[in-house]
file target.cif (mmCIF, C-alpha atoms)
data_query
loop_
_atom_site.label_atom_id
_atom_site.label_comp_id
_atom_site.auth_asym_id
_atom_site.auth_seq_id
_atom_site.Cartn_x
_atom_site.Cartn_y
_atom_site.Cartn_z
CA MET W 1 -11.49 128.81 59.96
CA ASN W 2 -11.24 131.49 62.63
CA PRO W 3 -14.20 132.37 64.85
CA SER W 4 -15.81 135.74 64.19
CA SER W 5 -18.57 137.87 65.61
CA ASN W 6 -20.93 136.13 63.17
CA SER W 7 -19.96 132.61 64.26
CA ALA W 8 -22.54 132.15 67.03
CA LEU W 9 -25.13 129.45 66.39
CA ARG W 10 -28.03 128.77 68.77
CA LEU W 11 -28.98 125.10 68.79
CA ALA W 12 -31.84 123.40 70.61
CA TYR W 13 -32.57 119.73 71.22
CA ILE W 14 -35.66 118.11 72.73
CA SER W 15 -34.70 114.80 74.35
CA GLY W 16 -31.48 113.16 75.47
CA GLY W 17 -30.29 109.63 74.86
CA PHE W 18 -28.19 108.07 72.14
CA PRO W 19 -29.78 110.07 69.26
CA VAL W 20 -27.89 113.19 70.47
CA TRP W 21 -24.52 111.45 70.94
CA ALA W 22 -22.92 113.21 67.96
CA LEU W 23 -23.92 116.61 69.37
CA PHE W 24 -21.89 116.10 72.53
CA VAL W 25 -19.03 114.59 70.55
CA ALA W 26 -18.90 117.71 68.36
CA GLU W 27 -18.94 119.93 71.45
CA SER W 28 -16.46 118.01 73.62
CA GLN W 29 -13.98 117.15 70.86
CA GLY W 30 -13.79 120.69 69.50
CA PHE W 31 -15.29 120.01 66.07
CA PHE W 32 -17.56 123.08 66.24
CA GLU W 33 -14.65 125.25 67.29
CA ALA W 34 -12.45 123.87 64.51
CA GLN W 35 -15.01 125.05 61.97
CA GLY W 36 -15.34 128.48 63.55
CA VAL W 37 -18.76 127.70 64.99
CA GLN W 38 -19.62 128.97 68.47
CA CYS W 39 -22.50 126.64 69.30
CA SER W 40 -24.69 127.43 72.30
CA ILE W 41 -26.88 124.44 73.24
CA THR W 42 -30.33 124.51 74.86
CA HIS W 43 -32.31 121.50 76.05
CA THR W 44 -35.96 122.47 75.53
CA GLY W 45 -37.54 119.31 76.96
CA ALA W 46 -40.52 119.57 74.59
CA SER W 47 -40.97 119.86 70.85
CA THR W 48 -43.54 122.64 71.26
CA ALA W 49 -41.03 124.83 73.10
CA GLN W 50 -38.37 124.12 70.52
CA MET W 51 -40.61 124.89 67.55
CA GLN W 52 -41.79 128.11 69.19
CA GLY W 53 -38.17 129.13 69.67
CA LEU W 54 -37.40 128.45 66.02
CA ARG W 55 -40.48 130.38 64.90
CA GLU W 56 -39.51 133.35 67.04
CA GLY W 57 -35.87 133.27 65.90
CA ARG W 58 -34.50 132.43 69.37
CA PHE W 59 -32.93 129.25 67.96
CA ASP W 60 -31.16 128.87 64.62
CA VAL W 61 -30.92 125.08 64.49
CA GLY W 62 -33.00 122.33 66.07
CA LEU W 63 -32.66 118.57 66.46
CA GLN W 64 -36.05 116.99 65.84
CA LEU W 65 -38.03 114.40 63.94
CA PRO W 66 -38.49 115.30 60.27
CA ASP W 67 -42.26 115.76 60.48
CA HIS W 68 -41.59 118.95 62.47
CA VAL W 69 -39.80 120.33 59.42
CA VAL W 70 -42.75 119.60 57.14
CA ARG W 71 -45.34 120.91 59.58
CA ALA W 72 -43.39 124.08 60.27
CA GLY W 73 -43.63 124.95 56.59
CA LEU W 74 -47.40 124.52 56.72
CA ASN W 75 -47.49 126.92 59.68
CA GLY W 76 -45.43 129.62 58.01
CA THR W 77 -41.94 128.80 59.32
CA SER W 78 -39.61 127.50 56.64
CA LEU W 79 -37.07 124.96 57.93
CA CYS W 80 -34.41 123.12 55.96
CA VAL W 81 -32.53 119.90 56.70
CA LEU W 82 -28.79 120.34 57.23
CA ALA W 83 -28.01 116.71 58.04
CA ALA W 84 -29.32 113.47 59.43
CA GLN W 85 -29.16 113.74 63.21
CA SER W 86 -28.85 110.00 63.76
CA HIS W 87 -30.07 106.67 62.46
CA PRO W 88 -33.74 105.88 62.98
CA PRO W 89 -33.66 105.04 66.70
CA ASP W 90 -35.32 101.89 67.97
CA VAL W 91 -37.62 103.76 70.32
CA ALA W 92 -39.69 101.47 72.54
CA LEU W 93 -43.39 101.79 73.24
CA VAL W 94 -43.23 101.02 76.97
CA ALA W 95 -46.32 100.33 79.08
CA SER W 96 -47.27 99.84 82.71
CA PRO W 97 -46.78 96.31 84.08
CA ALA W 98 -50.57 96.01 83.99
CA ILE W 99 -50.51 96.23 80.17
CA GLN W 100 -49.28 93.11 78.39
CA ASN W 101 -50.10 93.93 74.76
CA ILE W 102 -51.06 96.89 72.59
CA GLU W 103 -54.73 95.90 72.51
CA GLN W 104 -54.91 96.44 76.29
CA LEU W 105 -54.10 100.14 75.83
CA LYS W 106 -57.67 100.75 74.71
CA GLY W 107 -59.35 103.27 76.96
CA HIS W 108 -56.11 104.40 78.58
CA ARG W 109 -54.08 107.61 78.67
CA ILE W 110 -50.81 107.58 76.71
CA ALA W 111 -47.97 110.08 77.19
CA VAL W 112 -46.57 111.89 74.15
CA ASP W 113 -44.30 114.85 73.53
CA GLY W 114 -46.64 116.76 71.20
CA ALA W 115 -50.01 115.25 70.37
CA ARG W 116 -49.83 116.22 66.68
CA SER W 117 -46.16 115.67 65.97
CA GLY W 118 -43.23 113.30 66.21
CA TYR W 119 -43.83 109.81 67.49
CA ALA W 120 -47.41 110.69 68.37
CA LEU W 121 -48.25 110.59 64.65
CA LEU W 122 -46.65 107.18 64.33
CA LEU W 123 -48.52 106.02 67.42
CA VAL W 124 -51.84 107.21 65.96
CA GLN W 125 -51.04 105.37 62.74
CA LEU W 126 -50.23 102.21 64.71
CA LEU W 127 -53.44 102.36 66.75
CA SER W 128 -55.48 103.20 63.66
CA SER W 129 -54.20 99.97 62.09
CA LEU W 130 -56.07 98.19 64.91
CA GLY W 131 -59.30 99.90 63.85
CA TRP W 132 -59.20 102.38 66.74
CA THR W 133 -60.30 106.00 66.56
CA SER W 134 -59.39 108.91 68.81
CA ILE W 135 -62.23 108.05 71.21
CA ASP W 136 -60.52 104.74 72.06
CA TYR W 137 -57.53 106.33 73.81
CA GLN W 138 -56.26 109.70 75.06
CA LEU W 139 -52.93 111.29 74.16
CA VAL W 140 -51.53 113.45 76.96
CA GLU W 141 -48.70 115.90 76.22
CA VAL W 142 -45.97 115.51 78.83
CA GLY W 143 -42.56 116.50 77.45
CA ASP W 144 -39.25 114.78 76.89
CA SER W 145 -38.40 111.15 77.62
CA GLN W 146 -37.30 111.85 81.21
CA GLN W 147 -40.64 113.46 82.01
CA ARG W 148 -42.56 110.66 80.32
CA VAL W 149 -40.60 108.08 82.32
CA GLN W 150 -41.67 109.87 85.50
CA ALA W 151 -45.30 109.88 84.33
CA LEU W 152 -45.17 106.13 83.74
CA ARG W 153 -43.53 105.41 87.08
CA SER W 154 -46.11 107.50 88.91
CA GLY W 155 -48.93 105.51 87.32
CA GLU W 156 -50.45 108.72 85.99
CA LEU W 157 -50.13 107.49 82.39
CA MET W 158 -50.06 103.97 81.02
CA ALA W 159 -47.67 103.99 78.06
CA SER W 160 -45.29 106.10 76.00
CA PHE W 161 -42.54 105.93 73.39
CA ILE W 162 -39.27 106.16 75.37
CA ASN W 163 -35.84 106.86 73.88
CA PRO W 164 -32.98 104.44 74.55
CA PRO W 165 -31.30 103.96 76.97
CA LEU W 166 -34.06 105.20 79.30
CA ASP W 167 -36.43 102.42 78.23
CA LYS W 168 -34.09 99.72 79.59
CA ALA W 169 -34.43 100.83 83.22
CA LEU W 170 -38.22 100.71 82.94
CA VAL W 171 -38.22 97.23 81.43
CA ASN W 172 -35.80 96.06 84.14
CA ASP W 173 -38.34 97.29 86.71
CA GLY W 174 -41.21 95.29 85.23
CA PHE W 175 -42.60 97.67 82.62
CA VAL W 176 -43.50 96.08 79.29
CA ARG W 177 -41.95 96.80 75.88
CA LEU W 178 -44.95 96.45 73.55
CA THR W 179 -43.18 97.21 70.28
CA THR W 180 -40.54 99.55 68.87
CA THR W 181 -40.48 102.09 66.09
CA ARG W 182 -38.11 99.90 64.10
CA GLN W 183 -40.48 96.93 64.37
CA ALA W 184 -43.61 98.90 63.55
CA PHE W 185 -42.13 101.37 61.01
CA PRO W 186 -38.94 99.79 59.62
CA SER W 187 -38.38 102.28 56.78
CA TYR W 188 -39.37 105.53 58.50
CA PRO W 189 -36.42 107.99 58.71
CA GLY W 190 -34.71 109.07 61.88
CA PRO W 191 -34.36 112.56 63.37
CA VAL W 192 -32.71 115.40 61.51
CA VAL W 193 -30.74 118.56 62.12
CA ALA W 194 -32.86 121.39 60.74
CA ALA W 195 -32.27 125.13 60.51
CA ARG W 196 -34.46 128.12 59.85
CA SER W 197 -34.17 128.56 56.08
CA GLU W 198 -33.88 132.31 56.45
CA TRP W 199 -30.95 131.89 58.83
CA ALA W 200 -29.16 129.33 56.63
CA GLU W 201 -29.46 131.53 53.54
CA ALA W 202 -28.17 134.54 55.48
CA HIS W 203 -25.27 132.59 57.05
CA PRO W 204 -24.16 130.04 54.42
CA LEU W 205 -20.57 129.77 55.68
CA LEU W 206 -21.75 129.13 59.22
CA ALA W 207 -24.32 126.58 58.05
CA LYS W 208 -21.68 124.78 55.98
CA GLY W 209 -19.24 124.92 58.90
CA PHE W 210 -21.85 123.29 61.09
CA GLN W 211 -22.45 120.57 58.51
CA SER W 212 -18.71 119.86 58.37
CA ALA W 213 -18.44 119.72 62.17
CA TRP W 214 -21.43 117.38 62.35
CA ALA W 215 -19.91 115.02 59.77
CA ASP W 216 -16.57 115.12 61.62
CA ALA W 217 -18.33 114.23 64.88
CA TRP W 218 -19.96 111.20 63.29
CA ARG W 219 -16.72 110.03 61.71
CA TRP W 220 -15.03 110.31 65.12
CA LEU W 221 -17.89 108.45 66.81
CA LEU W 222 -17.72 105.59 64.32
CA ASP W 223 -13.93 105.23 64.60
CA THR W 224 -13.26 102.24 66.87
CA ARG W 225 -10.07 103.91 68.12
CA ASN W 226 -12.27 106.43 69.97
CA GLN W 227 -14.51 103.86 71.63
CA ALA W 228 -13.40 104.46 75.23
CA GLN W 229 -13.78 108.24 74.92
CA ALA W 230 -17.13 107.89 73.18
CA ILE W 231 -18.47 105.77 76.04
CA GLU W 232 -17.23 108.35 78.55
CA ILE W 233 -19.22 111.01 76.69
CA ALA W 234 -22.32 108.79 76.79
CA LEU W 235 -21.94 108.26 80.54
CA LYS W 236 -21.51 111.98 81.17
CA HIS W 237 -24.12 113.47 78.83
CA LEU W 238 -26.62 110.77 77.85
CA GLY W 239 -27.55 109.11 81.12
CA ALA W 240 -26.24 105.80 79.81
CA GLU W 241 -24.62 102.86 81.56
CA ALA W 242 -21.37 101.50 80.11
CA PRO W 243 -22.73 98.15 78.78
CA ALA W 244 -25.67 99.86 77.04
CA ALA W 245 -23.39 102.54 75.60
CA LEU W 246 -20.97 99.94 74.24
CA ASN W 247 -23.81 97.98 72.64
CA ALA W 248 -25.29 101.14 71.12
CA LEU W 249 -21.91 102.27 69.82
CA GLN W 250 -21.25 98.93 68.17
CA ASN W 251 -24.67 99.13 66.50
CA LEU W 252 -23.80 102.60 65.18
CA GLN W 253 -20.47 101.36 63.86
CA ARG W 254 -22.23 98.57 61.97
CA GLN W 255 -24.70 101.04 60.41
CA GLY W 256 -22.17 103.69 59.39
CA MET W 257 -22.96 107.35 58.71
CA PRO W 258 -26.65 108.24 59.12
CA GLN W 259 -28.45 109.57 56.07
CA ILE W 260 -31.75 111.18 55.18
CA SER W 261 -33.02 110.64 51.64
CA GLU W 262 -35.75 112.05 49.45
CA GLU W 263 -37.53 108.71 49.75
CA GLY W 264 -37.51 109.04 53.53
CA MET W 265 -38.76 112.61 53.40
CA SER W 266 -41.54 111.48 51.07
CA GLN W 267 -42.81 109.12 53.79
CA VAL W 268 -42.75 111.99 56.27
CA ILE W 269 -44.71 114.27 53.94
CA ASP W 270 -47.30 111.54 53.40
CA LEU W 271 -47.71 111.08 57.16
CA VAL W 272 -48.15 114.80 57.82
CA TRP W 273 -50.58 115.20 54.92
CA ARG W 274 -52.73 112.39 56.34
CA ASN W 275 -52.85 114.01 59.77
CA GLU W 276 -53.16 117.72 58.97
CA SER W 277 -56.02 119.67 57.42
CA VAL W 278 -54.15 120.88 54.36
CA GLY W 279 -57.09 120.81 51.96
CA GLN W 280 -56.09 120.53 48.34
CA ASN W 281 -52.58 121.93 48.91
CA PRO W 282 -50.14 120.12 46.61
CA MET W 283 -47.53 118.03 48.38
CA PRO W 284 -44.06 119.62 48.25
CA GLN W 285 -41.17 117.84 46.58
CA PRO W 286 -39.05 115.98 49.16
CA GLY W 287 -35.82 117.46 47.83
CA SER W 288 -37.07 120.97 48.51
CA TYR W 289 -36.42 120.49 52.24
CA PHE W 290 -32.66 119.94 51.95
CA TRP W 291 -30.01 122.68 52.25
CA PRO W 292 -28.17 123.64 50.16
CA THR W 293 -28.98 120.75 47.84
CA ARG W 294 -30.45 117.28 48.10
CA ILE W 295 -28.68 115.03 50.64
CA ALA W 296 -28.15 111.49 49.34
#

call {"tool": "encode", "arguments": {"input": "target.cif", "output": "structure tokens"}}
result
Amino acid sequence: MNPSSNSALRLAYISGGFPVWALFVAESQGFFEAQGVQCSITHTGASTAQMQGLREGRFDVGLQLPDHVVRAGLNGTSLCVLAAQSHPPDVALVASPAIQNIEQLKGHRIAVDGARSGYALLLVQLLSSLGWTSIDYQLVEVGDSQQRVQALRSGELMASFINPPLDKALVNDGFVRLTTTRQAFPSYPGPVVAARSEWAEAHPLLAKGFQSAWADAWRWLLDTRNQAQAIEIALKHLGAEAPAALNALQNLQRQGMPQISEEGMSQVIDLVWRNESVGQNPMPQPGSYFWPTRIA
């Protein structure tokens, strides 16, 4: 496929770390170019900035947790899932050395990306399971994982979900890993690649080209023959150290291609419906979020 004047795609991602590994593989190994996709990449550093950019049409595609896709539809911006971004990451809830268990977070300030989205919703669900209400803690919007790490190190905030591999440096310095998303929510889906539905319908060849490039990037990443190059990409773009990158890569290779299913999207819809004032609005069908058809 040859690039054309209509081949430009504006992509945004929120946080770094291993969940965006395939993005930098696709860019560095020429998979976007091979599909005729000119992909410009923006690091927004916050989900609110990314969602605003999608609403305003400044971005065509965004990498985000799937609840953003559901909530965007409630707020008048239709998004559709092009692919699974990555497997559900084992994101750690990391706390100050003064906090030794989740119960000790009561009364403290906790850093989140967006207070009503992403891992904040899972955190609220976790704390609610302890019988807590919103008066028992305070969620403070900070930004991406790097910014939340800084907030923890400064002592300004007491805990936050931190993407790998950034959590490891904190734990090595005495911070406490209280739990992880995989431990607390073992069947909740991972992040997705989502596009503005209007854009995808207007540019079907470009959207399909992106999907092909994304799948090619994952196949390359999972191929053990590319291990050395893949680790180099992680060191350059993901802030990883070689041992952590090798361990993460081997975990990915064991898991295979990431997927997002209707069952997973159903869990996301349930979570959003519990946390948003949607009245008697009927829940959408999970398969309605996939483009162009349901992804198995």

call {"tool": "atom_distance", "arguments": {"input": "target.cif", "atom1": "CA of Arg254 in chain W", "atom2": "CA of Ala34 in chain W"}}
result
27.2 Å

call {"tool": "residues_near_point", "arguments": {"input": "target.cif", "point": "(-42.2, 116.4, 61.7)", "cutoff": "9 Å", "atoms": "all atoms listed in the file", "output": "PyMOL selection string"}}
result
chain W and resi 64-72+117-119+121+191+268-269+271-272

call {"tool": "residues_near_point", "arguments": {"input": "target.cif", "point": "(-28.2, 130.3, 70.9)", "cutoff": "6 Å", "atoms": "only C-alpha atoms", "output": "PyMOL selection string"}}
result
chain W and resi 9-11+40+59

call {"tool": "resolve_selection", "arguments": {"input": "target.cif", "expression": "the PyMOL selection byres ((chain W and resi 25) around 10)", "output": "number ranges by chain"}}
result
W: 20-24, 26-32, 213-214, 216-218, 220-221, 229-230, 233-234, 237

call {"tool": "residues_around", "arguments": {"input": "target.cif", "residues": "Phe185 in chain W", "least_positions_apart": "6", "cutoff": "10 Å", "atoms": "only C-alpha atoms", "output": "MDAnalysis selection string"}}
result
chainID W and resid 88 90 122 125:126

call {"tool": "resolve_selection", "arguments": {"input": "target.cif", "expression": "the PyMOL selection byres ((chain W and resi 93-103) around 7)", "output": "MDAnalysis selection string"}}
result
chainID W and resid 91:92 104:106 152 158:162 174:180

call {"tool": "resolve_selection", "arguments": {"input": "target.cif", "expression": "the PyMOL selection byres ((chain W and resi 108) around 8)", "output": "MDAnalysis selection string"}}
result
chainID W and resid 105:107 109:110 136:138 157:158

call {"tool": "closest_residue", "arguments": {"input": "target.cif", "among": "W:Leu205, W:Val142, W:Ala111, W:Leu127", "to": "Ser7 in chain W", "atoms": "only C-alpha atoms"}}
result
W:Leu205

call {"tool": "atom_distance", "arguments": {"input": "target.cif", "atom1": "CA of Ser266 in chain W", "atom2": "CA of Gln285 in chain W"}}
result
7.8 Å

call {"tool": "closest_residue", "arguments": {"input": "target.cif", "among": "W:Ala8, W:Val37, W:Ala84, W:Ile14", "to": "Val192 in chain W", "atoms": "only C-alpha atoms"}}
result
W:Ala84

call {"tool": "atom_distance", "arguments": {"input": "target.cif", "atom1": "CA of Ser15 in chain W", "atom2": "CA of Gln85 in chain W"}}
result
12.5 Å

call {"tool": "closest_residue", "arguments": {"input": "target.cif", "among": "W:Gly53, W:Gly190, W:Pro204, W:Pro284", "to": "Gln259 in chain W", "atoms": "all atoms listed in the file"}}
result
W:Gly190

call {"tool": "closest_residue", "arguments": {"input": "target.cif", "among": "W:Ala194, W:Met51, W:Val112, W:Leu170", "to": "Arg148 in chain W", "atoms": "only C-alpha atoms"}}
result
W:Val112

call {"tool": "closest_residue", "arguments": {"input": "target.cif", "among": "W:Trp291, W:Tyr188, W:Leu249, W:Leu139", "to": "Ser78 in chain W", "atoms": "all atoms listed in the file"}}
result
W:Trp291

call {"tool": "residues_around", "arguments": {"input": "target.cif", "residues": "Gln52 in chain W", "least_positions_apart": "3", "cutoff": "12 Å", "atoms": "only C-alpha atoms", "output": "list in words"}}
result
Ala12, Thr44, Ala46, Ser47, Thr48, Ala49, Arg55, Glu56, Gly57, Arg58, Phe59, Asp60, Gly62, His68, Ala72, Asn75, Gly76, Thr77 and Arg196 of chain W

call {"tool": "write_last_selection", "arguments": {"input": "target.cif", "atoms": "C-alpha atoms", "output": "mmCIF file, keeping the file's coordinate frame"}}
result
data_model
loop_
_atom_site.group_PDB
_atom_site.id
_atom_site.type_symbol
_atom_site.label_atom_id
_atom_site.label_comp_id
_atom_site.auth_asym_id
_atom_site.auth_seq_id
_atom_site.Cartn_x
_atom_site.Cartn_y
_atom_site.Cartn_z
ATOM 1 C CA ALA W 12 -31.840 123.400 70.610
ATOM 2 C CA THR W 44 -35.960 122.470 75.530
ATOM 3 C CA ALA W 46 -40.520 119.570 74.590
ATOM 4 C CA SER W 47 -40.970 119.860 70.850
ATOM 5 C CA THR W 48 -43.540 122.640 71.260
ATOM 6 C CA ALA W 49 -41.030 124.830 73.100
ATOM 7 C CA ARG W 55 -40.480 130.380 64.900
ATOM 8 C CA GLU W 56 -39.510 133.350 67.040
ATOM 9 C CA GLY W 57 -35.870 133.270 65.900
ATOM 10 C CA ARG W 58 -34.500 132.430 69.370
ATOM 11 C CA PHE W 59 -32.930 129.250 67.960
ATOM 12 C CA ASP W 60 -31.160 128.870 64.620
ATOM 13 C CA GLY W 62 -33.000 122.330 66.070
ATOM 14 C CA HIS W 68 -41.590 118.950 62.470
ATOM 15 C CA ALA W 72 -43.390 124.080 60.270
ATOM 16 C CA ASN W 75 -47.490 126.920 59.680
ATOM 17 C CA GLY W 76 -45.430 129.620 58.010
ATOM 18 C CA THR W 77 -41.940 128.800 59.320
ATOM 19 C CA ARG W 196 -34.460 128.120 59.850
#

call {"tool": "decode", "arguments": {"input": "target.cif", "residues": "range 24-87 of chain W", "atoms": "C-alpha atoms", "output": "tab-separated table (two decimals), in the first residue's frame"}}
result
chain	number	residue	atom	x	y	z
W	24	PHE	CA	6.95	1.80	19.40
W	25	VAL	CA	7.55	-1.53	17.67
W	26	ALA	CA	5.09	-0.53	14.92
W	27	GLU	CA	6.80	2.85	14.56
W	28	SER	CA	10.44	1.73	14.70
W	29	GLN	CA	10.05	-1.41	12.57
W	30	GLY	CA	8.14	0.33	9.80
W	31	PHE	CA	4.84	-1.52	10.17
W	32	PHE	CA	2.78	1.69	9.93
W	33	GLU	CA	4.70	2.75	6.84
W	34	ALA	CA	4.26	-0.67	5.23
W	35	GLN	CA	0.50	-0.26	5.50
W	36	GLY	CA	0.55	3.26	4.11
W	37	VAL	CA	-0.16	4.82	7.50
W	38	GLN	CA	1.63	8.04	8.44
W	39	CYS	CA	1.21	7.91	12.22
W	40	SER	CA	1.98	11.02	14.25
W	41	ILE	CA	2.24	10.21	17.98
W	42	THR	CA	1.42	12.50	20.91
W	43	HIS	CA	2.00	11.72	24.59
W	44	THR	CA	-0.82	13.54	26.41
W	45	GLY	CA	0.21	12.64	29.97
W	46	ALA	CA	-3.41	12.64	31.16
W	47	SER	CA	-6.59	10.91	30.09
W	48	THR	CA	-8.57	14.17	30.32
W	49	ALA	CA	-6.30	15.85	27.77
W	50	GLN	CA	-6.50	12.85	25.47
W	51	MET	CA	-10.28	12.59	25.63
W	52	GLN	CA	-10.63	16.32	24.99
W	53	GLY	CA	-8.42	15.95	21.93
W	54	LEU	CA	-10.55	13.10	20.63
W	55	ARG	CA	-13.75	15.06	21.25
W	56	GLU	CA	-12.38	18.07	19.40
W	57	GLY	CA	-11.08	15.97	16.50
W	58	ARG	CA	-7.40	16.79	17.17
W	59	PHE	CA	-6.67	13.06	17.58
W	60	ASP	CA	-8.06	10.22	15.47
W	61	VAL	CA	-6.96	7.28	17.63
W	62	GLY	CA	-6.22	6.97	21.33
W	63	LEU	CA	-4.69	4.30	23.56
W	64	GLN	CA	-6.72	4.10	26.75
W	65	LEU	CA	-8.60	1.89	29.16
W	66	PRO	CA	-11.91	0.66	27.75
W	67	ASP	CA	-14.09	2.56	30.21
W	68	HIS	CA	-13.07	5.76	28.38
W	69	VAL	CA	-14.72	4.36	25.26
W	70	VAL	CA	-17.98	3.67	27.08
W	71	ARG	CA	-18.02	7.00	28.90
W	72	ALA	CA	-17.23	8.95	25.75
W	73	GLY	CA	-20.41	7.61	24.20
W	74	LEU	CA	-22.41	8.82	27.19
W	75	ASN	CA	-20.87	12.27	26.72
W	76	GLY	CA	-21.68	12.52	23.02
W	77	THR	CA	-18.41	11.32	21.47
W	78	SER	CA	-18.71	7.95	19.76
W	79	LEU	CA	-15.53	5.86	19.96
W	80	CYS	CA	-14.95	2.38	18.57
W	81	VAL	CA	-12.39	-0.28	19.48
W	82	LEU	CA	-9.91	-1.09	16.71
W	83	ALA	CA	-7.82	-3.58	18.68
W	84	ALA	CA	-6.64	-4.67	22.09
W	85	GLN	CA	-3.75	-2.40	23.03
W	86	SER	CA	-2.11	-4.94	25.32
W	87	HIS	CA	-2.90	-7.64	27.84
